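Novice: After the structure tokens below, expect a handful of questions from me.
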Amino acid sequence: MTLQDYELVAAQHSYYSAKVRACLQYKRLPYQEIGTNIETILNRVITATGNQQFPVVFCPDGTVLKDGCDIVEALEARHPERPIMPENSQLKCVAKLIETLADEFFVIPMIYYRWVPEETKQWGVGMFQMLLGKGIENPDMAALAEQMGETISSEIRSRLPKVGLDRKHIQDKAQEITKEVCSLLDKHFAKTPYMLGDHPTLADLGIMNTMWGHLYLDPCKASMFIRKDYLHLNNWITNMHSGAGISDQGELYIADTLVPLLRYLSDTLANMMTDTLAAADKTLPAAEAGTEAPAGLGRIETTLLDAELSRPATSYTAWRLQKVIEQYQAIPATQKPAMDDLLSDIGFLSVCQHQPKWRLQKDNFKLFVAS
Ligand SMILES: N[C@@H](CCC(=O)N[C@@H](CS)C(=O)NCC(=O)O)C(=O)O
């Protein structure tokens, strides 16, 4: 490792690692992926950030970055070459919207494939034990890694009822949605190289979270149908995973083939976004400015496509939606009518035009209620 290397705490099998890795790759930044074994989590991640979540990036100048969306924003500010944010403010807003959909809302269909079918459930436990124990020589730590792998897996499985995944109709919906999204992405990539045109942007990085660590790598049905039936999508995934070799030349635009995908995403997820904002509107204005935001905003009775779903809403997701809304608000007045036409067509106008009566801000890895 050289002194200039970024250190990336991430795992190939983790959902949220893929975006940050794809960003480092596409920007051609020198980095070393140092894994997520138990010693790295205890001695580096928890020590530096206060909890065990990753991805985390240790910068050569000593700065610690955490949370995929913040990491990618910070890398863009430090290294504007090979930009991942479009210059055009309408495309910026669409990129942020796609990133947020992928990170906060797609998780339900995606976790189905790892934690519901029997064969992947068992595989998942072994995979966690492998990641936590990788390179650990101390026998006590190795035993702890084994035990933690089991504990983390059962903890994740115990959360499935919270998002309805213990019920057959939501399990079926998860599979239906995943298949349709893969099919629409495949049709898009058959005509257009990347999400927003000729080269990757934040929208591609976001979709990598959705596609890589669970769907593509897990030994699950989705992984097989992507490889066998959706060759354009398969090709895009593998290119994005080694993004240093991708050209940054060409134009950015909304291709006709992106529109059906975005319409389907709004049919599937826009209600959940609106209901999350409504839960934030109900709870956050009463919170004292300057205090830490409550993690939970209560349960929302919402929908996943045409299925009813009751699930918890969080301040974190509200903050991610706030970022989308801010990106919409930053669009110059002269470009607003065209943007509103597009958003109305793809079904996200009311989410973007929502005017929250609260503001959240991140400080030292925590969310606070702003004044
Ligand atoms: N919002 C965070 C989510 C990170 C996250 O949930 N990471 C997972 C691994 S993919 C994790 O650390 N889970 C352990 C935990 O939440 O305790 C991001 O986008 O980076």
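Here, A, B, ... name the chains of the structure tokens in the order displayed, residue numbers run from 1 inside each chain, and ligands are numbered from 1 in the same displayed order.
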Name all residues at most 10 Å from Arg44 in chain A (count only C-alpha atoms; drop same-chain ones fewer than 6 positions away) and give them as an NGL selection string.
Specialist: :A and (9 or 36 or 38 or 50 or 52 or 56 or 58)
Novice: Keeping only N, CA and C atoms, take the residues you just selected and write them out as an mmCIF file, in the first residue's frame.
Specialist:
```cif
data_model
loop_
_atom_site.group_PDB
_atom_site.id
_atom_site.type_symbol
_atom_site.label_atom_id
_atom_site.label_comp_id
_atom_site.auth_asym_id
_atom_site.auth_seq_id
_atom_site.Cartn_x
_atom_site.Cartn_y
_atom_site.Cartn_z
ATOM 1 N N VAL A 9 -13.139 0.063 3.682
ATOM 2 C CA VAL A 9 -13.698 -1.038 4.473
ATOM 3 C C VAL A 9 -15.006 -1.421 3.784
ATOM 4 N N THR A 36 -13.739 -6.702 5.870
ATOM 5 C CA THR A 36 -14.600 -6.388 7.015
ATOM 6 C C THR A 36 -14.448 -7.469 8.079
ATOM 7 N N ILE A 38 -13.489 -9.218 11.706
ATOM 8 C CA ILE A 38 -13.916 -8.753 13.026
ATOM 9 C C ILE A 38 -12.927 -7.743 13.616
ATOM 10 N N GLY A 50 -17.892 5.065 15.668
ATOM 11 C CA GLY A 50 -18.878 4.871 16.735
ATOM 12 C C GLY A 50 -19.814 3.701 16.533
ATOM 13 N N GLN A 52 -20.662 -0.133 13.864
ATOM 14 C CA GLN A 52 -20.040 -1.153 13.010
ATOM 15 C C GLN A 52 -20.383 -1.034 11.534
ATOM 16 N N VAL A 56 -16.819 2.259 4.955
ATOM 17 C CA VAL A 56 -16.102 3.380 5.555
ATOM 18 C C VAL A 56 -14.844 3.567 4.711
ATOM 19 N N PHE A 58 -11.055 5.403 4.781
ATOM 20 C CA PHE A 58 -9.994 6.155 5.468
ATOM 21 C C PHE A 58 -9.174 6.848 4.380
#
```
Novice: Pick out the residues sitting within 9 Å of Leu261 in chain A, and hand them over as a ChimeraX atom specification; count only C-alpha atoms, and ignore anything fewer than 6 positions along from it in its own chain.
Specialist: /A:180-181,184-185,188,346
Novice: Grab me every residue within 9 Å of ligand 1, counting only C-alpha atoms and all ligand atoms, and send it over as a short mmCIF file (atom, residue, chain, number, x, y, z; two decimals) with N, CA and C atoms, in the first residue's frame.
Specialist:
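Written output follows (selection35.cif):
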```cif
data_model
loop_
_atom_site.label_atom_id
_atom_site.label_comp_id
_atom_site.auth_asym_id
_atom_site.auth_seq_id
_atom_site.Cartn_x
_atom_site.Cartn_y
_atom_site.Cartn_z
N ALA A 10 -15.00 -2.58 3.16
CA ALA A 10 -16.15 -2.98 2.36
C ALA A 10 -16.07 -4.48 2.12
N ALA A 11 -17.19 -5.04 1.66
CA ALA A 11 -17.19 -6.46 1.32
C ALA A 11 -17.91 -6.63 -0.01
N HIS A 13 -19.86 -8.89 -0.85
CA HIS A 13 -21.24 -9.35 -0.67
C HIS A 13 -22.14 -8.31 -0.02
N SER A 14 -21.62 -7.14 0.31
CA SER A 14 -22.48 -6.17 1.01
C SER A 14 -23.19 -5.26 0.01
N TYR A 15 -24.43 -4.99 0.32
CA TYR A 15 -25.28 -4.15 -0.54
C TYR A 15 -24.64 -2.78 -0.77
N TYR A 16 -24.29 -2.10 0.34
CA TYR A 16 -23.92 -0.69 0.25
C TYR A 16 -22.46 -0.44 -0.14
N SER A 17 -21.68 -1.53 -0.24
CA SER A 17 -20.26 -1.34 -0.60
C SER A 17 -20.08 -1.07 -2.09
N ALA A 18 -21.01 -1.57 -2.90
CA ALA A 18 -20.79 -1.58 -4.35
C ALA A 18 -20.70 -0.17 -4.93
N LYS A 19 -21.51 0.74 -4.41
CA LYS A 19 -21.51 2.11 -4.95
C LYS A 19 -20.16 2.79 -4.72
N VAL A 20 -19.64 2.65 -3.51
CA VAL A 20 -18.38 3.33 -3.18
C VAL A 20 -17.22 2.71 -3.97
N ASN A 51 -19.88 3.14 15.34
CA ASN A 51 -20.63 1.88 15.19
C ASN A 51 -20.03 1.03 14.06
N GLN A 52 -20.66 -0.13 13.86
CA GLN A 52 -20.04 -1.15 13.01
C GLN A 52 -20.38 -1.03 11.53
N GLN A 53 -21.20 -0.02 11.18
CA GLN A 53 -21.65 0.02 9.78
C GLN A 53 -20.53 0.35 8.80
N PHE A 54 -20.56 -0.26 7.67
CA PHE A 54 -19.65 0.06 6.58
C PHE A 54 -20.49 0.16 5.30
N PRO A 55 -20.01 0.71 4.22
CA PRO A 55 -18.64 1.10 3.92
C PRO A 55 -18.13 2.31 4.70
N VAL A 56 -16.82 2.26 4.96
CA VAL A 56 -16.10 3.38 5.56
C VAL A 56 -14.84 3.57 4.71
N LYS A 66 -17.89 8.12 6.00
CA LYS A 66 -18.83 7.04 6.28
C LYS A 66 -20.17 7.36 5.62
N ASP A 67 -20.89 6.33 5.27
CA ASP A 67 -22.19 6.39 4.61
C ASP A 67 -21.98 6.63 3.11
N GLY A 68 -22.39 5.63 2.33
CA GLY A 68 -22.11 5.66 0.89
C GLY A 68 -22.41 6.98 0.20
N CYS A 69 -23.57 7.59 0.51
CA CYS A 69 -23.93 8.82 -0.23
C CYS A 69 -22.97 9.96 0.14
N ASP A 70 -22.57 10.02 1.42
CA ASP A 70 -21.62 11.06 1.84
C ASP A 70 -20.21 10.78 1.29
N ILE A 71 -19.86 9.50 1.25
CA ILE A 71 -18.52 9.14 0.77
C ILE A 71 -18.37 9.56 -0.70
N ASP A 103 -30.94 2.89 -2.78
CA ASP A 103 -30.41 2.67 -1.42
C ASP A 103 -31.51 2.41 -0.40
N GLU A 104 -32.58 3.17 -0.49
CA GLU A 104 -33.54 3.16 0.62
C GLU A 104 -34.80 2.35 0.35
N ILE A 152 -25.48 -12.25 13.62
CA ILE A 152 -25.89 -11.20 12.66
C ILE A 152 -26.94 -11.76 11.69
N ASN A 209 -25.35 -0.66 -6.20
CA ASN A 209 -25.71 -1.17 -4.87
C ASN A 209 -26.81 -2.22 -5.00
N GLY A 213 -23.94 -6.74 -4.76
CA GLY A 213 -23.61 -7.58 -3.59
C GLY A 213 -24.61 -8.67 -3.27
N TYR A 316 -33.52 8.57 8.87
CA TYR A 316 -32.44 8.48 7.88
C TYR A 316 -33.03 8.54 6.46
N THR A 317 -34.09 7.77 6.22
CA THR A 317 -34.69 7.78 4.88
C THR A 317 -35.29 9.15 4.57
#
```
Novice: What is the CA of Met208 in chain A-CA of Leu160 in chain A distance in Å, reported with one decimal?
Specialist: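 That distance, rounded to one decimal, is 22.8 Å.
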Novice: For range 286-297 of chain A, please output as a list in words all residues within 9 Å (counting only C-alpha atoms; exclusion window: fewer than 5 positions along the same chain).
Specialist: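 Residues meeting the cut-off are Thr276, Ala279, Ala280, Pro312, Ala313, Thr314, Ser315, Tyr316, Leu360, Lys366, Leu367, Phe368, Val369, Ala370 and Ser371 of chain A.
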Novice: Find the spatial neighbours of range 119-121 of chain A, counting only C-alpha atoms, within a cut-off of 8 Å - ignore same-chain residues fewer than 6 positions away - and output them as a ChimeraX atom specification.
Specialist: /A:113,218-220
Novice: Now that the selection is made, can you save its residues with N, CA, C and O atoms as a PDB file, in the first residue's frame?
Specialist:
```pdb
ATOM      1  N   TYR A 113     -34.075 -12.340  -1.765  1.00  0.00           N
ATOM      2  CA  TYR A 113     -33.304 -13.423  -2.397  1.00  0.00           C
ATOM      3  C   TYR A 113     -32.231 -14.006  -1.488  1.00  0.00           C
ATOM      4  O   TYR A 113     -31.873 -15.164  -1.626  1.00  0.00           O
ATOM      5  N   ASP A 218     -24.970 -13.438  -4.965  1.00  0.00           N
ATOM      6  CA  ASP A 218     -25.567 -14.532  -4.193  1.00  0.00           C
ATOM      7  C   ASP A 218     -25.921 -15.703  -5.122  1.00  0.00           C
ATOM      8  O   ASP A 218     -26.308 -15.484  -6.271  1.00  0.00           O
ATOM      9  N   PRO A 219     -25.804 -16.926  -4.609  1.00  0.00           N
ATOM     10  CA  PRO A 219     -26.206 -18.073  -5.445  1.00  0.00           C
ATOM     11  C   PRO A 219     -27.736 -18.193  -5.457  1.00  0.00           C
ATOM     12  O   PRO A 219     -28.305 -19.159  -4.949  1.00  0.00           O
ATOM     13  N   CYS A 220     -28.391 -17.192  -6.025  1.00  0.00           N
ATOM     14  CA  CYS A 220     -29.859 -17.145  -5.967  1.00  0.00           C
ATOM     15  C   CYS A 220     -30.428 -17.151  -7.388  1.00  0.00           C
ATOM     16  O   CYS A 220     -29.702 -16.987  -8.358  1.00  0.00           O
TER      17      CYS A 220
END
```
Novice: Restricting the calculation to only C-alpha atoms, which member of A:Ser183, A:Thr201, A:Thr268, A:Gln122 is positioned closest to Ser154 in chain A?
Specialist: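 With only C-alpha atoms as the atom set, the closest residue is A:Gln122.
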Novice: For CA of Arg157 in chain A and CA of Ile237 in chain A, quote the distance in Å rounded to one decimal.
Specialist: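 It comes out at 27.2 Å.
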